[in-house]
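Notes to accompany the following structure.
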Amino acid sequence: MESMFQEEGSSSVTSSPLQFFSMMSLSPSMGSPYPWHRELKSEERGLCLIHLLLTCANHVAAGSLENANTILEQISQLASPDGDTMQRIAAYFTEALADRILKTWPGLHRALNSTRIVMVSEEILVQKLFFEFFPFLKVAYILTNQAIVEAMEGEKMVHIIDLNAAEPAQWIALLQALSARPEGPPHLRITGVHQQKEVLDQMAHKLIEEAEKLDIPFQFNPVVSKLENLDFDKLRVKTGEALAISSILQLHSLLALDDDASRRKSPLLLKNSNATHLHKVLLMNQSTLGDLLEKDMVNGYSPSPDSASSSPASSTASMNSESFLNALWGLSPKVMVVTEQDSNHNGSTLMERLLEALYSYAALFDCLESTVSRASMERLKIEKMLFGEEIKNIIACEGAERKERHEKMDKWIQRLDLSGFGNVPVSYYAMLQARRFLQSYGCEGYRMREENGSVMICWQDRSLFSTTAWRSRK
């Protein structure tokens, strides 16, 4: 099945960054730091941008909007959406912080966004660009499809529910694999869930065409719906068919249905936490933003797997996601494969989310820096329309509006276990296919590892996405 997807160094800085930071003006009346900004080397500029972003976020969190505005003006002299990795990522975090400030005046925010139009075609395009420019989804598809093929061995009636039916390449590959079964292909029905009818129409056309070519009895059942509004009756699960469920980058959005999960810590603890984050010192002697952030960020801080994420064991925190997972369990799938962002973006405070997002999006921007020209318009679209919008949602939004609540896979393992699912180990053959594909991808930075029943898909040593397989425990 792997065949379905075939297809800029710098010197170190030994002096302390605090020597630069101590010269910085945080007040308009104390003079402009802009002249020395222009003399900074790439690494020094990266350190300065991180310091400014943390300082600005602290002012925003404290409601010191005049100070925040001053810092935003300083960042604008250094950040650039077409510069190096740190300049590009800083541009989008700056935009997110500014958007959060604007939300202080809801009327102004609404007026500035009232004529904004998001084209469905543009959304489809940017998702396809992410699929093409990164190996993450391709690896997830290989692992998912192989788990389904193995679970459905000998089955004559197979029903697959795709909770994010956006990319037909996954199911075209599965159709090809099923057509090669020694016992012949099953009767296959795929139920695709997506909020855009246009996406489902394209999916149906391509899959029906492929099934006819392979002479596989096939039906496509489109369900136009957001995940949180999904009517399970429309999935039309029937007795006598073997069911598989595929969920790729979807379940985290359910956590927005109950915002109590992100407000568990006491205000005093949160205040002290923010103060600690801002005392961090970054010693930098590496060239990529990921390396830069992995260094001793302010008194040795490193993102914790448990950092301010919602507790899956809490009935209040996971009420809606729990009921959704229970409903999936009630469908009795032979296998359910879940892929999620392996990040901590559901923290209680702005500072926690900003720091965690800096780490993970640094790695994603580094991926593009290593493989795509800075002048690429496709790269700019991915960074602005996909990553930029996700960053804005993580930083600028609260409550039900904040959908990008990515959490580490161990949180989802706990939730799925509590909902009656048992982990299914990924087979040797599935791992072999995925590793072969990743090795053929042409970039050494992408890696895979197995951890606690999950497959972690990484950039360098940082896990960015994880895939697990499950079955209903009876």
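Going through the structure tokens in order, the chains are called A, B, and so on, while each chain numbers its residues from 1 and the ligands are numbered from 1 in the order shown.
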
Review point. As a PyMOL selection string, which residues of range 389-467 of chain A does DSSP assign to alpha helix (DSSP H)?
Key: chain A and resi 389-396+409-418+428-439

Exercise for review: For range 155-166 of chain A, work out the shell of residues within 8 Å, counting only C-alpha atoms and skipping chain neighbours fewer than 2 positions away, then give it as a count of residues only.
Suggested key: 30

Review point. A:Ala177, A:Ile101, A:Ile117, A:Leu49: which is nearest Ala68 in chain A, counting only C-alpha atoms?
Key: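 Between A:Ala177, A:Ile101, A:Ile117, A:Leu49, the residue approaching Ala68 in chain A most closely is A:Ile101.
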
Check your understanding: In terms of the shortest atom-to-atom distance over only C-alpha atoms, which of A:Ala90, A:Phe133, A:Gly83, A:Thr339 is closest to His51 in chain A?
Key ->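 Ranked by minimum distance to His51 in chain A, first place goes to A:Ala90.
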
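The smallest atom-to-atom distance between Ser419 in chain A and any of A:Gln195, A:Asn229, A:Ser332, A:Thr94, using only C-alpha atoms, is found for A:Ser332.
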
Review point. When you draw a straight line from CA of Met431 in chain A to CA of Phe136 in chain A, how long is it in Å?
Key: 13.9 Å

Exercise for review: Write out as a list in words each polymer residue whose atoms come within 12 Å of Ala61 in chain A, counting only C-alpha atoms; drop sequence neighbours fewer than 3 positions from it.
Suggested key: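 Within the cut-off, the hits are Leu54, Thr55, Cys56, Ala57, Asn58, Ser64, Leu65, Asn67, Ala68, Leu97, Ala98, Arg100, Ile101, Thr104, Leu270, Lys271, Asn274, Ala275, Ser348, Thr349, Leu350, Met351, Glu352, Arg353, Leu354, Ile395 and Ala396 of chain A.
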
Proximity check range 121-146 of chain A to range 367-373 of chain A, 12 Å, nearest pairs one decimal Å, only C-alpha atoms, as a tab-separated table:
residue	atom	partner	partner_atom	distance
A:Leu129	CA	A:Leu368	CA	11.7
A:Phe130	CA	A:Leu368	CA	10.4
A:Glu132	CA	A:Val372	CA	11.6
A:Phe133	CA	A:Leu368	CA	7.9
A:Phe134	CA	A:Cys367	CA	8.0
A:Pro135	CA	A:Cys367	CA	10.3
A:Phe136	CA	A:Cys367	CA	11.1

Export N, CA and C atoms of the chosen residues as a PDB file, in the first residue's frame?
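Below is the file that was written, result.pdb:
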ATOM      1  N   LEU A 129      -2.291  21.060  -0.006  1.00  0.00           N
ATOM      2  CA  LEU A 129      -0.888  21.460   0.083  1.00  0.00           C
ATOM      3  C   LEU A 129      -0.215  20.841   1.311  1.00  0.00           C
ATOM      4  N   PHE A 130      -0.938  20.792   2.430  1.00  0.00           N
ATOM      5  CA  PHE A 130      -0.390  20.156   3.628  1.00  0.00           C
ATOM      6  C   PHE A 130      -0.136  18.671   3.369  1.00  0.00           C
ATOM      7  N   GLU A 132       0.510  17.325   0.493  1.00  0.00           N
ATOM      8  CA  GLU A 132       1.591  17.158  -0.469  1.00  0.00           C
ATOM      9  C   GLU A 132       2.962  17.527   0.093  1.00  0.00           C
ATOM     10  N   PHE A 133       3.031  18.550   0.950  1.00  0.00           N
ATOM     11  CA  PHE A 133       4.318  19.072   1.397  1.00  0.00           C
ATOM     12  C   PHE A 133       4.864  18.379   2.643  1.00  0.00           C
ATOM     13  N   PHE A 134       4.022  17.638   3.348  1.00  0.00           N
ATOM     14  CA  PHE A 134       4.448  16.931   4.555  1.00  0.00           C
ATOM     15  C   PHE A 134       4.109  15.446   4.419  1.00  0.00           C
ATOM     16  N   PRO A 135       4.861  14.575   5.095  1.00  0.00           N
ATOM     17  CA  PRO A 135       4.553  13.140   5.039  1.00  0.00           C
ATOM     18  C   PRO A 135       3.585  12.678   6.115  1.00  0.00           C
ATOM     19  N   PHE A 136       3.177  13.562   7.033  1.00  0.00           N
ATOM     20  CA  PHE A 136       2.433  13.136   8.221  1.00  0.00           C
ATOM     21  C   PHE A 136       1.128  12.424   7.874  1.00  0.00           C
TER      22      PHE A 136
END

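Nearest to Gly347 in chain A of all the residues A:Glu389, A:Glu322, A:Asp366, A:Glu407 is A:Glu407, counting only C-alpha atoms.
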
Exercise for review: Just list the residues in range 88-290 of chain A DSSP gives strand (DSSP E) on the backbone, as a PyMOL selection string.
Suggested key: chain A and resi 157-162+187-194+218-224+242-248

Need the shell around Arg88 in chain A: protein/DNA/RNA residues with any atom at most 12 Å away, counting only C-alpha atoms. Skip same-chain ones fewer than 2 positions apart. Format as a compact mmCIF listing (two decimals) with all heavy atoms, in the first residue's frame?
# COMPACT_ATOMS: atom_id res chain seq x y z
N GLY A 46 16.58 35.87 16.41
CA GLY A 46 15.65 34.85 16.88
C GLY A 46 15.45 34.91 18.38
O GLY A 46 14.32 34.84 18.87
N LEU A 49 13.35 37.98 19.19
CA LEU A 49 11.95 37.79 18.86
C LEU A 49 11.24 36.94 19.91
O LEU A 49 10.10 37.23 20.30
CB LEU A 49 11.81 37.15 17.48
CG LEU A 49 11.95 38.12 16.30
CD1 LEU A 49 12.10 37.36 14.99
CD2 LEU A 49 10.76 39.07 16.23
N ILE A 75 8.38 44.18 17.51
CA ILE A 75 8.41 42.90 16.80
C ILE A 75 8.25 43.12 15.30
O ILE A 75 8.88 42.43 14.49
CB ILE A 75 7.30 41.96 17.32
CG1 ILE A 75 7.55 41.60 18.79
CG2 ILE A 75 7.23 40.68 16.49
CD1 ILE A 75 6.42 40.80 19.44
N SER A 76 7.41 44.09 14.92
CA SER A 76 7.15 44.33 13.50
C SER A 76 8.41 44.74 12.74
O SER A 76 8.48 44.60 11.52
CB SER A 76 6.08 45.42 13.34
OG SER A 76 6.58 46.69 13.73
N LEU A 78 11.24 43.26 13.17
CA LEU A 78 12.06 42.06 13.05
C LEU A 78 11.35 40.91 12.34
O LEU A 78 11.98 40.12 11.63
CB LEU A 78 12.49 41.57 14.44
CG LEU A 78 13.35 42.52 15.28
CD1 LEU A 78 13.56 41.95 16.67
CD2 LEU A 78 14.70 42.73 14.60
N ALA A 79 10.05 40.77 12.55
CA ALA A 79 9.30 39.64 11.99
C ALA A 79 9.00 39.88 10.52
O ALA A 79 8.87 41.01 10.06
CB ALA A 79 8.01 39.42 12.78
N SER A 80 8.85 38.77 9.79
CA SER A 80 8.51 38.86 8.37
C SER A 80 7.95 37.53 7.90
O SER A 80 8.55 36.49 8.16
CB SER A 80 9.75 39.21 7.53
OG SER A 80 9.48 39.06 6.15
N PRO A 81 6.82 37.53 7.20
CA PRO A 81 6.23 36.27 6.74
C PRO A 81 7.03 35.60 5.63
O PRO A 81 6.74 34.46 5.27
CB PRO A 81 4.84 36.68 6.24
CG PRO A 81 4.98 38.12 5.90
CD PRO A 81 5.97 38.68 6.87
N ASP A 82 8.05 36.29 5.06
CA ASP A 82 8.87 35.65 4.04
C ASP A 82 10.36 35.65 4.42
O ASP A 82 11.23 35.52 3.55
CB ASP A 82 8.66 36.33 2.68
CG ASP A 82 8.95 37.84 2.71
OD1 ASP A 82 9.39 38.34 3.77
OD2 ASP A 82 8.75 38.49 1.68
N GLY A 83 10.66 35.77 5.72
CA GLY A 83 12.04 35.76 6.19
C GLY A 83 12.51 34.38 6.58
O GLY A 83 12.06 33.37 6.03
N ASP A 84 13.42 34.32 7.57
CA ASP A 84 13.87 33.02 8.05
C ASP A 84 12.79 32.41 8.95
O ASP A 84 11.73 33.00 9.16
CB ASP A 84 15.23 33.12 8.76
CG ASP A 84 15.20 33.99 10.02
OD1 ASP A 84 14.13 34.10 10.66
OD2 ASP A 84 16.25 34.56 10.38
N THR A 85 13.07 31.22 9.48
CA THR A 85 12.04 30.49 10.22
C THR A 85 11.49 31.29 11.38
O THR A 85 10.27 31.38 11.58
CB THR A 85 12.61 29.15 10.73
OG1 THR A 85 13.21 28.46 9.64
CG2 THR A 85 11.51 28.29 11.33
N MET A 86 12.38 31.88 12.20
CA MET A 86 11.91 32.61 13.38
C MET A 86 11.14 33.86 12.98
O MET A 86 10.14 34.22 13.61
CB MET A 86 13.09 32.98 14.27
CG MET A 86 12.68 33.59 15.61
SD MET A 86 11.74 32.44 16.63
CE MET A 86 10.37 33.47 17.12
N ALA A 90 7.25 34.27 14.03
CA ALA A 90 6.95 35.44 14.86
C ALA A 90 5.87 36.30 14.23
O ALA A 90 5.03 36.89 14.94
CB ALA A 90 8.22 36.27 15.09
N ALA A 91 5.85 36.37 12.90
CA ALA A 91 4.82 37.17 12.23
C ALA A 91 3.43 36.66 12.56
O ALA A 91 2.50 37.45 12.79
CB ALA A 91 5.07 37.14 10.72
N TYR A 92 3.26 35.34 12.61
CA TYR A 92 1.94 34.77 12.86
C TYR A 92 1.57 34.79 14.34
O TYR A 92 0.39 34.98 14.68
CB TYR A 92 1.87 33.36 12.28
CG TYR A 92 2.00 33.39 10.77
CD1 TYR A 92 3.15 32.92 10.13
CD2 TYR A 92 0.99 33.95 9.98
CE1 TYR A 92 3.28 33.00 8.76
CE2 TYR A 92 1.12 34.03 8.61
CZ TYR A 92 2.27 33.55 8.00
OH TYR A 92 2.41 33.64 6.64
N PHE A 93 2.53 34.63 15.22
CA PHE A 93 2.24 34.77 16.65
C PHE A 93 1.92 36.22 16.98
O PHE A 93 1.08 36.49 17.85
CB PHE A 93 3.41 34.25 17.50
CG PHE A 93 3.36 32.78 17.74
CD1 PHE A 93 3.88 31.89 16.81
CD2 PHE A 93 2.78 32.26 18.88
CE1 PHE A 93 3.83 30.51 17.01
CE2 PHE A 93 2.71 30.89 19.10
CZ PHE A 93 3.23 30.01 18.16
N THR A 94 2.57 37.16 16.31
CA THR A 94 2.27 38.58 16.52
C THR A 94 0.85 38.89 16.08
O THR A 94 0.10 39.60 16.76
CB THR A 94 3.27 39.45 15.73
OG1 THR A 94 4.60 39.13 16.14
CG2 THR A 94 3.01 40.93 15.99
N GLU A 95 0.48 38.37 14.92
CA GLU A 95 -0.88 38.57 14.41
C GLU A 95 -1.90 37.99 15.39
O GLU A 95 -2.96 38.59 15.63
CB GLU A 95 -1.03 37.91 13.04
CG GLU A 95 -2.38 38.15 12.38
CD GLU A 95 -2.47 37.51 11.02
OE1 GLU A 95 -1.48 36.90 10.56
OE2 GLU A 95 -3.55 37.62 10.40
N LEU A 289 15.06 26.84 14.44
CA LEU A 289 14.20 27.35 15.50
C LEU A 289 13.86 26.28 16.51
O LEU A 289 13.78 26.52 17.71
CB LEU A 289 12.92 27.93 14.89
CG LEU A 289 11.88 28.45 15.87
CD1 LEU A 289 12.47 29.50 16.78
CD2 LEU A 289 10.70 29.02 15.11
N LEU A 358 4.78 27.58 20.41
CA LEU A 358 6.07 27.95 19.83
C LEU A 358 6.91 26.72 19.55
O LEU A 358 7.53 26.60 18.48
CB LEU A 358 6.83 28.90 20.78
CG LEU A 358 6.59 30.40 20.61
CD1 LEU A 358 7.31 31.18 21.70
CD2 LEU A 358 7.06 30.88 19.24
N TYR A 361 4.99 24.49 16.57
CA TYR A 361 4.97 25.14 15.26
C TYR A 361 6.37 25.49 14.79
O TYR A 361 6.62 25.57 13.58
CB TYR A 361 4.05 26.37 15.28
CG TYR A 361 2.61 25.95 15.25
CD1 TYR A 361 1.85 25.87 16.42
CD2 TYR A 361 1.99 25.57 14.06
CE1 TYR A 361 0.53 25.44 16.40
CE2 TYR A 361 0.67 25.15 14.03
CZ TYR A 361 -0.05 25.08 15.21
OH TYR A 361 -1.35 24.64 15.19
N ALA A 362 7.32 25.66 15.73
CA ALA A 362 8.71 25.82 15.34
C ALA A 362 9.17 24.62 14.53
O ALA A 362 9.83 24.76 13.49
CB ALA A 362 9.60 25.96 16.58
N LEU A 364 7.25 22.51 12.80
CA LEU A 364 6.56 22.48 11.52
C LEU A 364 7.15 23.48 10.53
O LEU A 364 7.32 23.19 9.34
CB LEU A 364 5.06 22.74 11.72
CG LEU A 364 4.28 21.60 12.39
CD1 LEU A 364 2.90 22.07 12.82
CD2 LEU A 364 4.16 20.40 11.44
N PHE A 365 7.46 24.69 11.02
CA PHE A 365 8.09 25.68 10.15
C PHE A 365 9.49 25.23 9.74
O PHE A 365 9.93 25.50 8.62
CB PHE A 365 8.14 27.05 10.86
CG PHE A 365 6.87 27.86 10.73
CD1 PHE A 365 5.70 27.45 11.33
CD2 PHE A 365 6.85 29.02 9.99
CE1 PHE A 365 4.53 28.19 11.22
CE2 PHE A 365 5.68 29.78 9.86
CZ PHE A 365 4.52 29.36 10.48
N ASP A 366 10.20 24.56 10.66
CA ASP A 366 11.52 24.01 10.32
C ASP A 366 11.43 22.96 9.22
O ASP A 366 12.31 22.86 8.37
CB ASP A 366 12.18 23.39 11.56
CG ASP A 366 12.92 24.42 12.41
OD1 ASP A 366 13.20 25.52 11.90
OD2 ASP A 366 13.21 24.11 13.58
N LEU A 368 9.38 22.92 6.72
CA LEU A 368 9.28 23.63 5.45
C LEU A 368 10.59 24.32 5.09
O LEU A 368 10.99 24.35 3.93
CB LEU A 368 8.14 24.65 5.51
CG LEU A 368 6.72 24.07 5.54
CD1 LEU A 368 5.70 25.17 5.77
CD2 LEU A 368 6.41 23.32 4.24
N GLU A 369 11.26 24.88 6.09
CA GLU A 369 12.54 25.55 5.84
C GLU A 369 13.56 24.58 5.25
O GLU A 369 14.40 24.96 4.43
CB GLU A 369 13.07 26.16 7.15
CG GLU A 369 14.40 26.88 7.03
CD GLU A 369 14.29 28.25 6.35
OE1 GLU A 369 13.17 28.68 6.01
OE2 GLU A 369 15.35 28.89 6.18
N ARG A 374 12.09 29.51 0.39
CA ARG A 374 11.42 30.60 1.10
C ARG A 374 10.51 31.42 0.19
O ARG A 374 9.57 32.06 0.65
CB ARG A 374 12.45 31.53 1.76
CG ARG A 374 13.19 30.90 2.93
CD ARG A 374 14.20 31.87 3.53
NE ARG A 374 14.94 31.25 4.63
CZ ARG A 374 15.95 31.83 5.28
NH1 ARG A 374 16.32 33.06 4.93
NH2 ARG A 374 16.56 31.19 6.25
N ARG A 379 4.26 27.41 0.01
CA ARG A 379 4.72 27.43 1.41
C ARG A 379 4.04 28.56 2.17
O ARG A 379 3.58 28.37 3.31
CB ARG A 379 6.24 27.58 1.47
CG ARG A 379 6.78 27.78 2.88
CD ARG A 379 8.30 27.90 2.90
NE ARG A 379 8.79 28.23 4.23
CZ ARG A 379 10.08 28.34 4.54
NH1 ARG A 379 11.01 28.14 3.63
NH2 ARG A 379 10.44 28.64 5.78
N LEU A 380 3.99 29.74 1.56
CA LEU A 380 3.36 30.89 2.22
C LEU A 380 1.89 30.61 2.52
O LEU A 380 1.38 30.98 3.60
CB LEU A 380 3.49 32.13 1.34
CG LEU A 380 2.97 33.44 1.93
CD1 LEU A 380 3.74 33.82 3.18
CD2 LEU A 380 3.04 34.57 0.90
N ILE A 382 0.46 27.62 3.06
CA ILE A 382 0.38 26.68 4.17
C ILE A 382 0.61 27.41 5.50
O ILE A 382 -0.14 27.24 6.46
CB ILE A 382 1.40 25.55 4.02
CG1 ILE A 382 1.08 24.68 2.80
CG2 ILE A 382 1.44 24.66 5.28
CD1 ILE A 382 2.16 23.67 2.47
N GLU A 383 1.65 28.24 5.54
CA GLU A 383 2.00 28.93 6.78
C GLU A 383 0.92 29.92 7.20
O GLU A 383 0.59 30.02 8.38
CB GLU A 383 3.36 29.63 6.62
CG GLU A 383 4.53 28.65 6.50
CD GLU A 383 5.85 29.32 6.21
OE1 GLU A 383 5.85 30.50 5.74
OE2 GLU A 383 6.89 28.68 6.41
N LYS A 384 0.38 30.65 6.23
CA LYS A 384 -0.62 31.68 6.57
C LYS A 384 -2.01 31.10 6.78
O LYS A 384 -2.66 31.34 7.80
CB LYS A 384 -0.67 32.75 5.48
CG LYS A 384 -1.71 33.84 5.74
CD LYS A 384 -1.66 34.94 4.71
CE LYS A 384 -2.73 36.01 4.97
NZ LYS A 384 -2.59 36.62 6.30
N PHE A 387 -1.31 27.03 9.27
CA PHE A 387 -0.63 27.20 10.55
C PHE A 387 -0.97 28.53 11.21
O PHE A 387 -1.18 28.61 12.42
CB PHE A 387 0.89 27.08 10.37
CG PHE A 387 1.35 25.75 9.87
CD1 PHE A 387 2.55 25.61 9.18
CD2 PHE A 387 0.58 24.61 10.06
CE1 PHE A 387 2.98 24.39 8.71
CE2 PHE A 387 0.99 23.36 9.60
CZ PHE A 387 2.20 23.26 8.91
N GLY A 388 -1.02 29.59 10.41
CA GLY A 388 -1.33 30.91 10.96
C GLY A 388 -2.71 30.96 11.60
O GLY A 388 -2.89 31.55 12.67

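Taking CA of Ile208 in chain A and CA of Gly184 in chain A as the two end points, the separation is 18.1 Å.
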
Give me the residues of range 70-156 of chain A that have any atom at most 8 Å from an atom of range 464-470 of chain A; for each, the nearest atom pair and the distance in Å, rounded to one decimal. Use only C-alpha atoms, sort by chain and number, and format it as a Markdown table.
| residue | atom | partner | partner_atom | distance |
| --- | --- | --- | --- | --- |
| A:Phe136 | CA | A:Phe465 | CA | 7.1 |
| A:Ala140 | CA | A:Thr467 | CA | 6.6 |
| A:Leu143 | CA | A:Thr467 | CA | 7.7 |
| A:Thr144 | CA | A:Ala469 | CA | 7.8 |
| A:Ala147 | CA | A:Ala469 | CA | 7.2 |

Selected residues, N, CA, C and O atoms, written as a PDB file, in the first residue's frame, please.
ATOM      1  N   PHE A 136       3.177  13.562   7.033  1.00  0.00           N
ATOM      2  CA  PHE A 136       2.433  13.136   8.221  1.00  0.00           C
ATOM      3  C   PHE A 136       1.128  12.424   7.874  1.00  0.00           C
ATOM      4  O   PHE A 136       0.837  11.346   8.402  1.00  0.00           O
ATOM      5  N   ALA A 140       0.006   8.435   8.287  1.00  0.00           N
ATOM      6  CA  ALA A 140      -1.220   8.101   9.020  1.00  0.00           C
ATOM      7  C   ALA A 140      -2.146   7.249   8.154  1.00  0.00           C
ATOM      8  O   ALA A 140      -2.768   6.293   8.642  1.00  0.00           O
ATOM      9  N   LEU A 143      -0.774   3.608   7.941  1.00  0.00           N
ATOM     10  CA  LEU A 143      -1.024   2.878   9.193  1.00  0.00           C
ATOM     11  C   LEU A 143      -2.505   2.558   9.356  1.00  0.00           C
ATOM     12  O   LEU A 143      -2.884   1.448   9.761  1.00  0.00           O
ATOM     13  N   THR A 144      -3.362   3.522   9.044  1.00  0.00           N
ATOM     14  CA  THR A 144      -4.810   3.320   9.172  1.00  0.00           C
ATOM     15  C   THR A 144      -5.293   2.236   8.216  1.00  0.00           C
ATOM     16  O   THR A 144      -6.024   1.318   8.617  1.00  0.00           O
ATOM     17  N   ALA A 147      -4.207  -1.292   9.232  1.00  0.00           N
ATOM     18  CA  ALA A 147      -4.978  -1.767  10.387  1.00  0.00           C
ATOM     19  C   ALA A 147      -6.373  -2.225   9.949  1.00  0.00           C
ATOM     20  O   ALA A 147      -6.892  -3.235  10.447  1.00  0.00           O
TER      21      ALA A 147
END
